[in-house]
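Engineer: Shown below is the structure under consideration.
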Amino acid sequence: MGPMGGMGGWETLRAMRREGDLAGRKIGRETARRVMAFARPYRRDIVVFLLSVVVAAGIGVATPLLAGRVVNEITGGGPGAASAVIRTALFIGGLAVADALLSLVQRWYSARIGEGIILDLRTRVYDHVQRMPLQFFTRTQTGALVSRLNNDVLGAQRAFTSTLSGVVSNVIQLALTAAVMFTLSWQVTALSLVLLPVFVLPARRIGRRLADITRESYQLDAKMNATMTERFGVAGALLVKLFGRPDVEAKRFGERATRVRDIGIESAMYSRTFFVAMLLVASLAQALTYGLGGWLAVRGAFSAGTVVTLALLLTRLYGPLTALSNVRVDVMSALVSFERVFEVLDLKPGISEKPDARAIPRGAGRVEFRDVSFRYPSAAEVSLASLEDVAALDRTASEPVLRGVSFTVEPGQMVALVGPSGAGKSTIAMLVPRVYDVTDGSVLVGDVDVRGATLESLRDTIGVVTQDSHLFHETIAENLRYARPDATDEELWTALERAQVGHLIRDLPDGLDTVVGERGYRFSGGEKQRIAIARLLLKAPSVVILDEATAHLDSESEAAVQQALAAALTGRTALVIAHRLSTVRDADQILVVDGGRIVERGTHDELVAAGGLYAELYRTQFAVAGSPRPFAEELPPGAIVTVPDDEFVD
């Protein structure tokens, strides 16, 4: 063991770096109580772990005493000296073996406890985040959220591994070492401790400077990571190529990387200076021990073995002293990490299932809105300032997006929603599958209020295809089975064929095992949409929501997608946010939404004759001769069609 022993110089320096960041932080009893709750399943492991730490600390103090005894046996001579030296040496060797075995035991229990807590925290946070409202994800920085699952969780588990073991080990080792040293020679012990402030005080200054350097380094690393994440994504890489800016991007990245290099050199020099100073002070203290102890031994105050014992014990005294001087920083760092994890866990999910929830009847297709009003929650209701990188969240309640919306869609009807930008069409559609919950009123599916329905039955009843259908960076089969995990390969192929994309997948070398690429970028927009429709067909819901499923597609791709949609809508109630208004003409009822209210309702002919907002829309688009009718004639009864904002032309 080196001159510092115990926690070691690097751990001491790490604690000093964080001290400035934790100044003034206080952790409440509630946080400590919740931390103990996470530790409870591992209490037996923690007890065994701490016992091994205590025994190892005792061995650490016993070894120098035995070494001093060996020196005394050698200098004392006598007929039995040789055998006594051998016995003591063997005992020291036995303690070394025991210490080695104990270190393995400690490592095993430390890993078991630490990794177990990491697993518990990560799974709890991940499960909780998955249940947060959609607005949480639109506001939160993804990198900050991922950091909670990685950095903060790792910081939290240190409370039960390095911090806990370090505190217990250092306290016991310090107490035993100091007691033995003062027993052997209080003069030498006192003189040895005189140099401790000479080391600790300058080290704290270096620690504060390193904290500043480290913070800047973290910020620059975060900026570099953000740059790489944006530029290495498919969309970012395409933008760079389209504008021909790779040289500019390389230069900008190089400037940041150069500063990181400079900070790294500066940090390395400060760290080395600290470490050299630490070794120097410890060596000077050891020299004082040999000098004063040797002088006292020559004068007969004690034996030569005592001098050796004192010098060896000194190496085990400085480490615990410096470590314990920063124990508050270690404990606070671990607890702050826990606090940041709990901060996420304490956010209330926007959508939850009631204890007495009941299932929506299988095959239900009736949708009803009863005097529905809705406003989006404020930032303070759904997010955290630390996850948005802002000083404080806005607590101002937003204005209602919907006001008194009421309508009924009976099975066998087709209802269309049209209206200008911001009218609330998409919001109405998202209230049905409980992406959001109504502020007032109620939404019913199959005569069951969606807020009182089981989430499983709601998800089974409703299927959604958006205008930019997302595919995970997994195989085609895995993306399809996300809708139905137990689906066979034959069922997958059937769904793909009905979605007009089976032939494309069959021509791929790996077929269903083809990895789609990040966000599905290996496929065109139309191909992705058809795969998403196949996923919908596999799920076989009774109510379908199509969120501008043909938007941004070329004519050929749109025609193929529309054929797939015709298959998807057959026999189902559909809520369609359509890109082409031609689907509206055959609707049983058209609802015109403006300012969060339904301002007109009726059939196509009735609304045109009324000469209102819908009539103006019709004159600008439907009056064009030969206007295409993509899949309107193939639509089954029972479809709600919502018209996008871009269909309105001034």
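Identifiers in this document derive from the order of the structure tokens: chains are assigned A, B, ..., residues are numbered from 1 separately in each chain, and ligands are numbered from 1 in order of occurrence.
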Quick one: everything within 9 Å of Gly264 of chain A, counting only C-alpha atoms, minus sequence neighbours fewer than 3 positions away in the same chain. Send it as a PyMOL selection string.

Structural biologist: chain A and resi 213-214+217+259-261+267-269

Engineer: Between A:Ala277, A:Leu66, A:Ala98, A:Val188, which has the minimum distance to Trp295 of chain A (counting only C-alpha atoms)?

Structural biologist: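 Closest to Trp295 of chain A of all the choices is A:Val188.
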
Engineer: Calculate how many Å separate atom CA of Phe472 of chain A from atom CA of Arg434 of chain A, rounding to one decimal.

Structural biologist: 22.5 Å

Engineer: Apply DSSP to the backbone of this structure and, from segment 272-443 of chain A, keep only the residues in strand (DSSP E or B); write these as a list in words.

Structural biologist: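 The residues of segment 272-443 of chain A classed as strand (DSSP E or B) are Arg358, Val367, Glu368, Phe369, Arg370, Asp371, Val372, Ser373, Phe374, Leu402, Arg403, Gly404, Val405, Ser406, Phe407, Thr408, Val409, Val415, Ala416, Leu417, Val418, Asp440, Gly441, Ser442 and Val443 of chain A.
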
Engineer: Print the selection's residues with N, CA and C atoms to a file, as a PDB file, in the first residue's frame.

Structural biologist:
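Dumped to again.pdb:
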ATOM      1  N   ARG A 358     -62.291  -0.727 -16.464  1.00  0.00           N
ATOM      2  CA  ARG A 358     -62.919  -1.873 -17.123  1.00  0.00           C
ATOM      3  C   ARG A 358     -62.543  -1.893 -18.599  1.00  0.00           C
ATOM      4  N   VAL A 367     -67.606   5.957 -31.269  1.00  0.00           N
ATOM      5  CA  VAL A 367     -66.798   7.001 -30.646  1.00  0.00           C
ATOM      6  C   VAL A 367     -67.700   8.203 -30.358  1.00  0.00           C
ATOM      7  N   GLU A 368     -67.616   8.707 -29.131  1.00  0.00           N
ATOM      8  CA  GLU A 368     -68.474   9.832 -28.756  1.00  0.00           C
ATOM      9  C   GLU A 368     -67.689  10.867 -27.962  1.00  0.00           C
ATOM     10  N   PHE A 369     -67.858  12.125 -28.326  1.00  0.00           N
ATOM     11  CA  PHE A 369     -67.308  13.256 -27.572  1.00  0.00           C
ATOM     12  C   PHE A 369     -68.465  13.973 -26.882  1.00  0.00           C
ATOM     13  N   ARG A 370     -68.358  14.157 -25.571  1.00  0.00           N
ATOM     14  CA  ARG A 370     -69.407  14.835 -24.808  1.00  0.00           C
ATOM     15  C   ARG A 370     -68.862  16.117 -24.185  1.00  0.00           C
ATOM     16  N   ASP A 371     -69.219  17.236 -24.772  1.00  0.00           N
ATOM     17  CA  ASP A 371     -68.870  18.551 -24.238  1.00  0.00           C
ATOM     18  C   ASP A 371     -67.394  18.621 -23.811  1.00  0.00           C
ATOM     19  N   VAL A 372     -66.511  18.243 -24.727  1.00  0.00           N
ATOM     20  CA  VAL A 372     -65.081  18.122 -24.418  1.00  0.00           C
ATOM     21  C   VAL A 372     -64.391  19.483 -24.487  1.00  0.00           C
ATOM     22  N   SER A 373     -63.637  19.787 -23.430  1.00  0.00           N
ATOM     23  CA  SER A 373     -62.731  20.936 -23.424  1.00  0.00           C
ATOM     24  C   SER A 373     -61.338  20.424 -23.083  1.00  0.00           C
ATOM     25  N   PHE A 374     -60.335  21.103 -23.618  1.00  0.00           N
ATOM     26  CA  PHE A 374     -58.966  20.630 -23.376  1.00  0.00           C
ATOM     27  C   PHE A 374     -57.983  21.788 -23.467  1.00  0.00           C
ATOM     28  N   LEU A 402     -59.579  23.205 -27.108  1.00  0.00           N
ATOM     29  CA  LEU A 402     -60.923  22.766 -27.486  1.00  0.00           C
ATOM     30  C   LEU A 402     -61.923  23.306 -26.477  1.00  0.00           C
ATOM     31  N   ARG A 403     -63.113  23.662 -26.982  1.00  0.00           N
ATOM     32  CA  ARG A 403     -64.162  24.203 -26.113  1.00  0.00           C
ATOM     33  C   ARG A 403     -65.507  23.591 -26.508  1.00  0.00           C
ATOM     34  N   GLY A 404     -66.065  22.817 -25.606  1.00  0.00           N
ATOM     35  CA  GLY A 404     -67.413  22.279 -25.805  1.00  0.00           C
ATOM     36  C   GLY A 404     -67.600  21.465 -27.062  1.00  0.00           C
ATOM     37  N   VAL A 405     -66.688  20.591 -27.386  1.00  0.00           N
ATOM     38  CA  VAL A 405     -66.778  19.763 -28.594  1.00  0.00           C
ATOM     39  C   VAL A 405     -67.643  18.535 -28.301  1.00  0.00           C
ATOM     40  N   SER A 406     -68.697  18.364 -29.076  1.00  0.00           N
ATOM     41  CA  SER A 406     -69.585  17.210 -28.913  1.00  0.00           C
ATOM     42  C   SER A 406     -69.945  16.651 -30.284  1.00  0.00           C
ATOM     43  N   PHE A 407     -69.808  15.354 -30.447  1.00  0.00           N
ATOM     44  CA  PHE A 407     -70.276  14.665 -31.659  1.00  0.00           C
ATOM     45  C   PHE A 407     -70.231  13.170 -31.398  1.00  0.00           C
ATOM     46  N   THR A 408     -70.920  12.432 -32.229  1.00  0.00           N
ATOM     47  CA  THR A 408     -70.970  10.978 -32.097  1.00  0.00           C
ATOM     48  C   THR A 408     -70.692  10.344 -33.449  1.00  0.00           C
ATOM     49  N   VAL A 409     -69.877   9.321 -33.430  1.00  0.00           N
ATOM     50  CA  VAL A 409     -69.600   8.533 -34.640  1.00  0.00           C
ATOM     51  C   VAL A 409     -70.119   7.124 -34.384  1.00  0.00           C
ATOM     52  N   VAL A 415     -67.018  10.194 -40.660  1.00  0.00           N
ATOM     53  CA  VAL A 415     -67.073  11.588 -40.217  1.00  0.00           C
ATOM     54  C   VAL A 415     -65.733  12.242 -40.509  1.00  0.00           C
ATOM     55  N   ALA A 416     -65.778  13.458 -41.068  1.00  0.00           N
ATOM     56  CA  ALA A 416     -64.559  14.191 -41.404  1.00  0.00           C
ATOM     57  C   ALA A 416     -64.442  15.429 -40.541  1.00  0.00           C
ATOM     58  N   LEU A 417     -63.226  15.745 -40.132  1.00  0.00           N
ATOM     59  CA  LEU A 417     -62.934  16.977 -39.405  1.00  0.00           C
ATOM     60  C   LEU A 417     -62.082  17.865 -40.295  1.00  0.00           C
ATOM     61  N   VAL A 418     -62.519  19.099 -40.541  1.00  0.00           N
ATOM     62  CA  VAL A 418     -61.733  20.034 -41.336  1.00  0.00           C
ATOM     63  C   VAL A 418     -61.641  21.341 -40.569  1.00  0.00           C
ATOM     64  N   ASP A 440     -62.113  18.841 -19.464  1.00  0.00           N
ATOM     65  CA  ASP A 440     -63.516  18.732 -19.055  1.00  0.00           C
ATOM     66  C   ASP A 440     -64.248  17.898 -20.084  1.00  0.00           C
ATOM     67  N   GLY A 441     -65.394  17.355 -19.669  1.00  0.00           N
ATOM     68  CA  GLY A 441     -66.162  16.518 -20.569  1.00  0.00           C
ATOM     69  C   GLY A 441     -65.622  15.100 -20.588  1.00  0.00           C
ATOM     70  N   SER A 442     -65.966  14.347 -21.626  1.00  0.00           N
ATOM     71  CA  SER A 442     -65.523  12.952 -21.694  1.00  0.00           C
ATOM     72  C   SER A 442     -65.481  12.469 -23.137  1.00  0.00           C
ATOM     73  N   VAL A 443     -64.620  11.491 -23.372  1.00  0.00           N
ATOM     74  CA  VAL A 443     -64.505  10.807 -24.660  1.00  0.00           C
ATOM     75  C   VAL A 443     -64.818   9.337 -24.402  1.00  0.00           C
TER      76      VAL A 443
END

Engineer: Which residue gives the smallest distance to Ser169 of chain A among A:Arg316, A:Arg112, A:Arg498, A:Lys251, with only C-alpha atoms counted?

Structural biologist: A:Arg316

Engineer: Tell me, as a ChimeraX atom specification, which residues lie within 12 Å of Leu607 of chain A, counting only C-alpha atoms; anything in the same chain fewer than 2 positions away does not count.

Structural biologist: /A:418,584-585,587-592,599-605,609-619

Engineer: Find the residues near Phe302 of chain A: any atom within 12 Å, counting only C-alpha atoms, skip ones fewer than 4 places away on the same chain, and give them as a list in words.

Structural biologist: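 Within the cut-off, the hits are Gly68, Asn72, Thr183, Leu184, Ser185, Val188, Leu292, Gly293, Gly294, Trp295, Leu296, Ala297, Val298, Thr306, Val307, Val308, Thr309 and Leu310 of chain A.
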
Engineer: Please provide as a ChimeraX atom specification all residues within 12 Å of segment 446-460 of chain A, with the sequence filter that same-chain residues fewer than 6 positions apart are discarded (counting only C-alpha atoms).

Structural biologist: /A:131,350-370,408-411,430-440,483-484,536-545,573

Engineer: Please compute the atom CA of Gly155 of chain A-atom CA of Val167 of chain A distance, one decimal, in Å.

Structural biologist: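 It comes out at 16.1 Å.
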
Engineer: What gap, in Å, lies between atom CA of Ser303 of chain A and atom CA of Tyr290 of chain A?

Structural biologist: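 So the answer is 12.3 Å.
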